[in-house]
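Engineer: My structure is stored as structure30.csv, with CSV, C-alpha atoms.
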```
chain,number,residue,atom,x,y,z
A,76,MET,CA,-280.3,175.5,84.6
A,77,LEU,CA,-277.9,175.4,82.0
A,78,LYS,CA,-275.1,175.6,84.5
A,79,THR,CA,-276.4,172.6,86.5
A,80,GLU,CA,-276.8,170.6,83.4
A,81,MET,CA,-273.2,171.3,82.5
A,82,VAL,CA,-272.0,170.3,85.9
A,83,LEU,CA,-274.1,167.2,85.7
A,84,ALA,CA,-272.8,166.5,82.3
A,85,GLU,CA,-269.2,166.9,83.5
A,86,ALA,CA,-269.7,164.6,86.4
A,87,SER,CA,-271.2,161.8,84.5
A,88,ASN,CA,-268.7,161.5,81.7
A,89,PRO,CA,-269.0,158.0,80.4
A,90,ILE,CA,-265.4,157.8,79.3
A,91,ILE,CA,-263.8,158.6,82.6
A,92,PRO,CA,-264.9,156.2,85.3
A,93,ASP,CA,-265.9,157.1,88.8
A,94,LEU,CA,-263.0,156.9,91.3
A,95,SER,CA,-264.7,154.3,93.5
A,96,GLU,CA,-265.4,152.1,90.5
A,97,LEU,CA,-261.8,152.5,89.4
A,98,ILE,CA,-260.4,151.4,92.8
A,99,LEU,CA,-262.9,148.5,93.0
A,100,GLY,CA,-261.8,147.4,89.5
A,101,ILE,CA,-258.2,147.5,90.4
A,102,VAL,CA,-258.7,145.5,93.6
A,103,ALA,CA,-260.8,142.9,91.7
A,104,PHE,CA,-258.1,142.7,89.0
A,105,LEU,CA,-255.4,142.2,91.6
A,106,ILE,CA,-257.5,139.5,93.4
A,107,LEU,CA,-258.1,137.8,90.0
A,108,LEU,CA,-254.4,138.1,89.2
A,109,PHE,CA,-253.5,136.6,92.6
A,110,ILE,CA,-255.9,133.7,92.1
A,111,LEU,CA,-254.7,133.0,88.6
A,112,LYS,CA,-251.0,133.1,89.8
A,113,LYS,CA,-251.7,131.0,92.9
A,114,TYR,CA,-254.0,128.3,91.4
A,115,VAL,CA,-254.4,128.4,87.7
A,116,VAL,CA,-250.9,129.1,86.4
A,117,PRO,CA,-249.3,126.2,88.4
A,118,ARG,CA,-251.9,123.9,87.0
A,119,PHE,CA,-251.2,125.1,83.5
A,120,GLU,CA,-247.5,124.7,84.2
A,121,THR,CA,-247.8,121.1,85.4
A,122,ALA,CA,-250.1,120.3,82.6
A,123,TYR,CA,-247.7,121.8,80.1
A,124,GLU,CA,-244.8,120.0,81.8
A,125,GLU,CA,-246.7,116.7,81.7
A,126,ARG,CA,-247.5,117.2,78.1
A,127,ALA,CA,-243.9,118.1,77.2
A,128,GLN,CA,-242.7,115.0,79.1
A,129,LYS,CA,-245.3,112.8,77.2
A,130,ILE,CA,-244.1,114.3,73.9
A,131,GLU,CA,-240.5,113.8,74.8
A,132,GLY,CA,-241.2,110.3,76.1
A,133,GLY,CA,-243.1,109.6,72.8
A,134,ILE,CA,-240.2,110.9,70.8
A,135,GLU,CA,-237.8,108.7,72.8
A,136,LYS,CA,-240.1,105.7,72.4
A,137,ALA,CA,-240.3,106.4,68.7
A,138,GLU,CA,-236.6,106.7,68.4
A,139,LYS,CA,-236.1,103.5,70.4
A,140,ALA,CA,-238.7,101.7,68.3
A,141,GLN,CA,-237.0,103.0,65.1
A,142,ALA,CA,-233.6,101.9,66.4
A,143,GLU,CA,-235.0,98.5,67.3
A,144,ALA,CA,-236.7,98.2,63.9
A,145,GLU,CA,-233.4,99.1,62.2
A,146,ARG,CA,-231.7,96.4,64.3
A,147,ALA,CA,-234.4,93.9,63.4
A,148,LEU,CA,-234.1,94.9,59.7
A,149,ALA,CA,-230.3,94.4,59.8
A,150,GLN,CA,-230.8,91.1,61.5
A,151,TYR,CA,-233.4,90.1,59.0
A,152,LYS,CA,-231.1,91.1,56.1
A,153,ALA,CA,-228.2,89.1,57.7
A,154,GLN,CA,-230.5,86.0,58.1
A,155,LEU,CA,-231.7,86.4,54.6
A,156,ALA,CA,-228.2,86.6,53.3
A,157,GLU,CA,-227.3,83.6,55.4
A,158,ALA,CA,-230.3,81.7,54.1
A,159,ARG,CA,-229.4,82.6,50.5
A,160,SER,CA,-225.8,81.4,50.9
A,161,GLU,CA,-227.0,78.3,52.6
A,162,ALA,CA,-229.5,77.7,49.8
A,163,ALA,CA,-226.7,78.3,47.2
A,164,LYS,CA,-224.5,75.8,49.1
A,165,ILE,CA,-227.4,73.2,49.2
A,166,ARG,CA,-228.0,73.8,45.5
A,167,ASP,CA,-224.3,73.3,44.8
A,168,ASP,CA,-224.1,70.2,47.0
A,169,ALA,CA,-227.2,68.8,45.2
A,170,ARG,CA,-225.7,69.6,41.8
A,171,LEU,CA,-222.4,67.8,42.9
A,172,GLU,CA,-224.4,64.9,44.2
A,173,ALA,CA,-226.4,64.7,41.0
A,174,GLU,CA,-223.2,64.7,39.0
A,175,GLN,CA,-221.7,62.0,41.2
A,176,ILE,CA,-224.9,59.9,40.9
A,177,LYS,CA,-224.9,60.5,37.2
A,178,ALA,CA,-221.2,59.4,36.9
A,179,GLU,CA,-221.9,56.3,39.1
A,180,LEU,CA,-224.9,55.4,37.0
A,181,ARG,CA,-222.9,55.9,33.8
A,182,ALA,CA,-220.1,53.7,35.2
A,183,GLU,CA,-222.6,51.1,36.2
A,184,ALA,CA,-224.3,51.3,32.8
A,185,GLU,CA,-220.9,51.0,31.0
A,186,SER,CA,-219.9,48.1,33.3
A,187,GLU,CA,-223.3,46.4,32.6
A,188,SER,CA,-222.9,47.1,28.9
A,189,GLN,CA,-219.4,45.6,28.9
A,190,ARG,CA,-220.6,42.6,30.8
A,191,ILE,CA,-223.5,42.1,28.4
A,192,VAL,CA,-221.2,42.5,25.4
A,193,ALA,CA,-218.7,40.1,26.9
A,194,GLN,CA,-221.4,37.6,27.7
A,195,GLY,CA,-222.8,38.0,24.2
A,196,GLN,CA,-219.3,37.5,22.7
A,197,ALA,CA,-218.8,34.4,24.8
A,198,GLN,CA,-222.2,33.1,23.7
A,199,LEU,CA,-221.3,33.9,20.1
A,200,GLN,CA,-218.0,32.1,20.4
A,201,ALA,CA,-219.7,29.1,22.0
A,202,GLN,CA,-222.3,29.1,19.2
A,203,LYS,CA,-219.6,29.6,16.6
A,204,ALA,CA,-217.7,26.7,18.0
A,205,GLN,CA,-220.8,24.5,18.1
A,206,ILE,CA,-221.8,25.5,14.6
A,207,ILE,CA,-218.2,24.8,13.4
A,208,ALA,CA,-218.3,21.4,15.1
A,209,GLU,CA,-221.7,20.6,13.6
A,210,LEU,CA,-220.5,21.8,10.2
A,211,ARG,CA,-217.3,19.8,10.4
A,212,ALA,CA,-219.3,16.7,11.3
A,213,ASP,CA,-221.8,17.3,8.5
A,214,MET,CA,-219.0,18.2,6.0
A,215,GLY,CA,-217.1,15.1,7.2
A,216,ARG,CA,-220.1,12.9,6.5
A,217,ASN,CA,-220.8,14.6,3.2
A,218,ALA,CA,-217.1,14.4,2.2
A,219,VAL,CA,-216.9,10.7,3.1
A,220,GLU,CA,-220.0,10.0,1.2
A,221,LEU,CA,-218.9,12.0,-1.8
A,222,ALA,CA,-215.4,10.5,-1.7
A,223,SER,CA,-216.9,7.0,-1.5
A,224,ARG,CA,-219.0,7.7,-4.5
A,225,ILE,CA,-216.1,9.2,-6.4
A,226,VAL,CA,-213.6,6.6,-5.4
A,227,GLY,CA,-216.1,3.9,-5.6
A,228,GLU,CA,-215.1,2.1,-2.5
A,229,SER,CA,-216.6,2.3,0.9
A,230,LEU,CA,-214.7,4.3,3.4
A,231,GLU,CA,-216.1,2.5,6.3
A,232,ASP,CA,-212.9,2.2,8.1
A,233,GLU,CA,-213.1,4.8,10.9
A,234,ALA,CA,-209.4,5.7,11.0
A,235,ARG,CA,-209.3,6.2,7.3
A,236,ARG,CA,-212.4,8.2,7.3
A,237,ARG,CA,-211.2,10.5,10.1
A,238,GLY,CA,-207.9,11.0,8.5
A,239,THR,CA,-209.6,11.9,5.2
A,240,VAL,CA,-212.0,14.2,6.9
A,241,ASP,CA,-209.4,16.0,9.0
A,242,ARG,CA,-207.2,16.4,5.9
A,243,PHE,CA,-210.1,17.8,3.9
A,244,LEU,CA,-211.0,20.2,6.7
A,245,GLN,CA,-207.4,21.3,7.1
A,246,GLU,CA,-207.3,22.1,3.4
A,247,LEU,CA,-210.5,24.1,3.7
A,248,GLU,CA,-209.2,26.1,6.7
A,249,THR,CA,-206.0,26.8,4.8
A,250,ALA,CA,-207.9,27.9,1.8
A,251,GLY,CA,-210.3,30.0,4.0
A,252,ASP,CA,-207.4,31.8,5.7
A,253,GLY,CA,-205.8,32.6,2.4
A,254,ALA,CA,-209.1,33.9,1.1
A,255,GLN,CA,-209.6,36.1,4.2
A,256,ILE,CA,-206.1,37.5,4.0
A,257,GLY,CA,-206.6,38.2,0.3
A,258,ALA,CA,-210.0,39.8,1.1
A,259,GLY,CA,-208.4,41.9,3.9
A,260,LYS,CA,-205.9,43.5,1.5
```
Any chance you could put this one into structure tokens?
Structural biologist:
Amino acid sequence: MLKTEMVLAEASNPIIPDLSELILGIVAFLILLFILKKYVVPRFETAYEERAQKIEGGIEKAEKAQAEAERALAQYKAQLAEARSEAAKIRDDARLEAEQIKAELRAEAESESQRIVAQGQAQLQAQKAQIIAELRADMGRNAVELASRIVGESLEDEARRRGTVDRFLQELETAGDGAQIGAGK
């Protein structure tokens, strides 16, 4: 019995497989390998290729988008610089126009001022001449009246009276000019 148990024990070693199982396992493995190589691996390859193309296409699109964004940024910067220079030009033109308008208004104001001053001087001269004429007439009457009181005779005669008045006024003017010249020194 012991011998049979040993033979049985040797025949059923769990580490060493039975020859029929070993062959069946190898055949099944080869069939599985063939199926994987024939159907599964090509699908994985195509999926991998598609994925790689998508990634490369995404990278290309990203690079194109980045290049386009850089072009747009450069264009934007150029437009911004152009707008700034145009704004500076408009500002300078407005400043020049303001200076021109200011100069024109100043010239008009000076012209108007000179016209008003000239008009005022003309009015002043006219009033002065009128006042002098009125004063001469009043002084003439007063002088004739005073002279007739002093002389005691009536100076009714028009020619005499005018001659006396003119002479008196002439003396006053001469005395006034001498007083002005003396006051000017």
Engineer: Work out how far apart CA of Ile91 (chain A) and CA of Phe109 (chain A) are and give it in Å to one decimal.
Structural biologist: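 Those two atoms sit 26.3 Å apart.
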Engineer: Starting from 8 Å padding per side, set up an axis-aligned box that covers all listed atoms of region 94-106 of chain A and hand over centre and edge lengths in Å, one decimal, as lines of an AutoDock Vina configuration file.
Structural biologist:
```
center_x = -260.4
center_y = 148.2
center_z = 91.3
size_x = 26.0
size_y = 33.4
size_z = 20.6
```
Engineer: Please provide as a count of residues only all residues within 12 Å of Leu244 (chain A), with the sequence filter that same-chain residues fewer than 2 positions apart are discarded (counting all atoms listed in the file).
Structural biologist: 24
Engineer: Go ahead and compute the interatomic distance for CA of Glu157 (chain A) and CA of Ala144 (chain A), in Å to one decimal.
Structural biologist: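 So the two atoms, CA of Glu157 (chain A) and CA of Ala144 (chain A), lie 19.3 Å apart.
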Engineer: Expressed in Å to a single decimal, how great is the separation between CA of Glu209 (chain A) and CA of Gln189 (chain A)?
Structural biologist: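 Between these atoms lies a distance of 29.4 Å.
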Engineer: Give me region 147-168 of chain A with N, CA, C and O atoms filled in, as a PDB file, keeping the file's coordinate frame.
Structural biologist:
```pdb
ATOM      1  N   ALA A 147    -233.647  95.075  63.861  1.00  0.00           N
ATOM      2  CA  ALA A 147    -234.400  93.900  63.400  1.00  0.00           C
ATOM      3  C   ALA A 147    -234.233  93.764  61.865  1.00  0.00           C
ATOM      4  O   ALA A 147    -234.073  92.649  61.344  1.00  0.00           O
ATOM      5  N   LEU A 148    -234.273  94.898  61.165  1.00  0.00           N
ATOM      6  CA  LEU A 148    -234.100  94.900  59.700  1.00  0.00           C
ATOM      7  C   LEU A 148    -232.692  94.383  59.352  1.00  0.00           C
ATOM      8  O   LEU A 148    -232.533  93.554  58.448  1.00  0.00           O
ATOM      9  N   ALA A 149    -231.694  94.887  60.068  1.00  0.00           N
ATOM     10  CA  ALA A 149    -230.300  94.400  59.800  1.00  0.00           C
ATOM     11  C   ALA A 149    -230.193  92.938  60.095  1.00  0.00           C
ATOM     12  O   ALA A 149    -229.570  92.196  59.321  1.00  0.00           O
ATOM     13  N   GLN A 150    -230.796  92.484  61.200  1.00  0.00           N
ATOM     14  CA  GLN A 150    -230.800  91.100  61.500  1.00  0.00           C
ATOM     15  C   GLN A 150    -231.490  90.244  60.485  1.00  0.00           C
ATOM     16  O   GLN A 150    -231.012  89.186  60.070  1.00  0.00           O
ATOM     17  N   TYR A 151    -232.618  90.745  60.033  1.00  0.00           N
ATOM     18  CA  TYR A 151    -233.400  90.100  59.000  1.00  0.00           C
ATOM     19  C   TYR A 151    -232.576  89.959  57.706  1.00  0.00           C
ATOM     20  O   TYR A 151    -232.526  88.911  57.076  1.00  0.00           O
ATOM     21  N   LYS A 152    -231.916  91.068  57.346  1.00  0.00           N
ATOM     22  CA  LYS A 152    -231.100  91.100  56.100  1.00  0.00           C
ATOM     23  C   LYS A 152    -229.940  90.072  56.280  1.00  0.00           C
ATOM     24  O   LYS A 152    -229.601  89.357  55.333  1.00  0.00           O
ATOM     25  N   ALA A 153    -229.336  90.030  57.471  1.00  0.00           N
ATOM     26  CA  ALA A 153    -228.200  89.100  57.700  1.00  0.00           C
ATOM     27  C   ALA A 153    -228.749  87.645  57.610  1.00  0.00           C
ATOM     28  O   ALA A 153    -228.111  86.788  56.990  1.00  0.00           O
ATOM     29  N   GLN A 154    -229.905  87.380  58.214  1.00  0.00           N
ATOM     30  CA  GLN A 154    -230.500  86.000  58.100  1.00  0.00           C
ATOM     31  C   GLN A 154    -230.848  85.686  56.705  1.00  0.00           C
ATOM     32  O   GLN A 154    -230.647  84.547  56.263  1.00  0.00           O
ATOM     33  N   LEU A 155    -231.379  86.655  55.984  1.00  0.00           N
ATOM     34  CA  LEU A 155    -231.700  86.400  54.600  1.00  0.00           C
ATOM     35  C   LEU A 155    -230.497  86.124  53.756  1.00  0.00           C
ATOM     36  O   LEU A 155    -230.499  85.190  52.945  1.00  0.00           O
ATOM     37  N   ALA A 156    -229.429  86.879  53.991  1.00  0.00           N
ATOM     38  CA  ALA A 156    -228.200  86.600  53.300  1.00  0.00           C
ATOM     39  C   ALA A 156    -227.634  85.246  53.631  1.00  0.00           C
ATOM     40  O   ALA A 156    -227.162  84.504  52.761  1.00  0.00           O
ATOM     41  N   GLU A 157    -227.714  84.895  54.915  1.00  0.00           N
ATOM     42  CA  GLU A 157    -227.300  83.600  55.400  1.00  0.00           C
ATOM     43  C   GLU A 157    -228.100  82.475  54.727  1.00  0.00           C
ATOM     44  O   GLU A 157    -227.567  81.464  54.269  1.00  0.00           O
ATOM     45  N   ALA A 158    -229.399  82.695  54.687  1.00  0.00           N
ATOM     46  CA  ALA A 158    -230.300  81.700  54.100  1.00  0.00           C
ATOM     47  C   ALA A 158    -230.006  81.560  52.595  1.00  0.00           C
ATOM     48  O   ALA A 158    -230.007  80.443  52.057  1.00  0.00           O
ATOM     49  N   ARG A 159    -229.735  82.680  51.937  1.00  0.00           N
ATOM     50  CA  ARG A 159    -229.400  82.600  50.500  1.00  0.00           C
ATOM     51  C   ARG A 159    -228.108  81.861  50.277  1.00  0.00           C
ATOM     52  O   ARG A 159    -228.002  81.045  49.364  1.00  0.00           O
ATOM     53  N   SER A 160    -227.108  82.152  51.106  1.00  0.00           N
ATOM     54  CA  SER A 160    -225.800  81.400  50.900  1.00  0.00           C
ATOM     55  C   SER A 160    -225.994  79.967  51.247  1.00  0.00           C
ATOM     56  O   SER A 160    -225.419  79.113  50.569  1.00  0.00           O
ATOM     57  N   GLU A 161    -226.792  79.666  52.260  1.00  0.00           N
ATOM     58  CA  GLU A 161    -227.000  78.300  52.600  1.00  0.00           C
ATOM     59  C   GLU A 161    -227.804  77.574  51.471  1.00  0.00           C
ATOM     60  O   GLU A 161    -227.500  76.426  51.114  1.00  0.00           O
ATOM     61  N   ALA A 162    -228.774  78.279  50.883  1.00  0.00           N
ATOM     62  CA  ALA A 162    -229.500  77.700  49.800  1.00  0.00           C
ATOM     63  C   ALA A 162    -228.594  77.477  48.570  1.00  0.00           C
ATOM     64  O   ALA A 162    -228.686  76.448  47.891  1.00  0.00           O
ATOM     65  N   ALA A 163    -227.688  78.421  48.325  1.00  0.00           N
ATOM     66  CA  ALA A 163    -226.700  78.300  47.200  1.00  0.00           C
ATOM     67  C   ALA A 163    -225.822  77.061  47.515  1.00  0.00           C
ATOM     68  O   ALA A 163    -225.509  76.279  46.607  1.00  0.00           O
ATOM     69  N   LYS A 164    -225.405  76.906  48.773  1.00  0.00           N
ATOM     70  CA  LYS A 164    -224.500  75.800  49.100  1.00  0.00           C
ATOM     71  C   LYS A 164    -225.303  74.459  48.954  1.00  0.00           C
ATOM     72  O   LYS A 164    -224.770  73.499  48.400  1.00  0.00           O
ATOM     73  N   ILE A 165    -226.557  74.439  49.402  1.00  0.00           N
ATOM     74  CA  ILE A 165    -227.400  73.200  49.200  1.00  0.00           C
ATOM     75  C   ILE A 165    -227.564  72.921  47.760  1.00  0.00           C
ATOM     76  O   ILE A 165    -227.461  71.766  47.334  1.00  0.00           O
ATOM     77  N   ARG A 166    -227.807  73.970  46.974  1.00  0.00           N
ATOM     78  CA  ARG A 166    -228.000  73.800  45.500  1.00  0.00           C
ATOM     79  C   ARG A 166    -226.700  73.242  44.906  1.00  0.00           C
ATOM     80  O   ARG A 166    -226.743  72.320  44.085  1.00  0.00           O
ATOM     81  N   ASP A 167    -225.549  73.794  45.309  1.00  0.00           N
ATOM     82  CA  ASP A 167    -224.300  73.300  44.800  1.00  0.00           C
ATOM     83  C   ASP A 167    -224.016  71.867  45.211  1.00  0.00           C
ATOM     84  O   ASP A 167    -223.561  71.043  44.405  1.00  0.00           O
ATOM     85  N   ASP A 168    -224.308  71.571  46.484  1.00  0.00           N
ATOM     86  CA  ASP A 168    -224.100  70.200  47.000  1.00  0.00           C
ATOM     87  C   ASP A 168    -225.040  69.231  46.200  1.00  0.00           C
ATOM     88  O   ASP A 168    -224.611  68.134  45.824  1.00  0.00           O
TER      89      ASP A 168
END
```
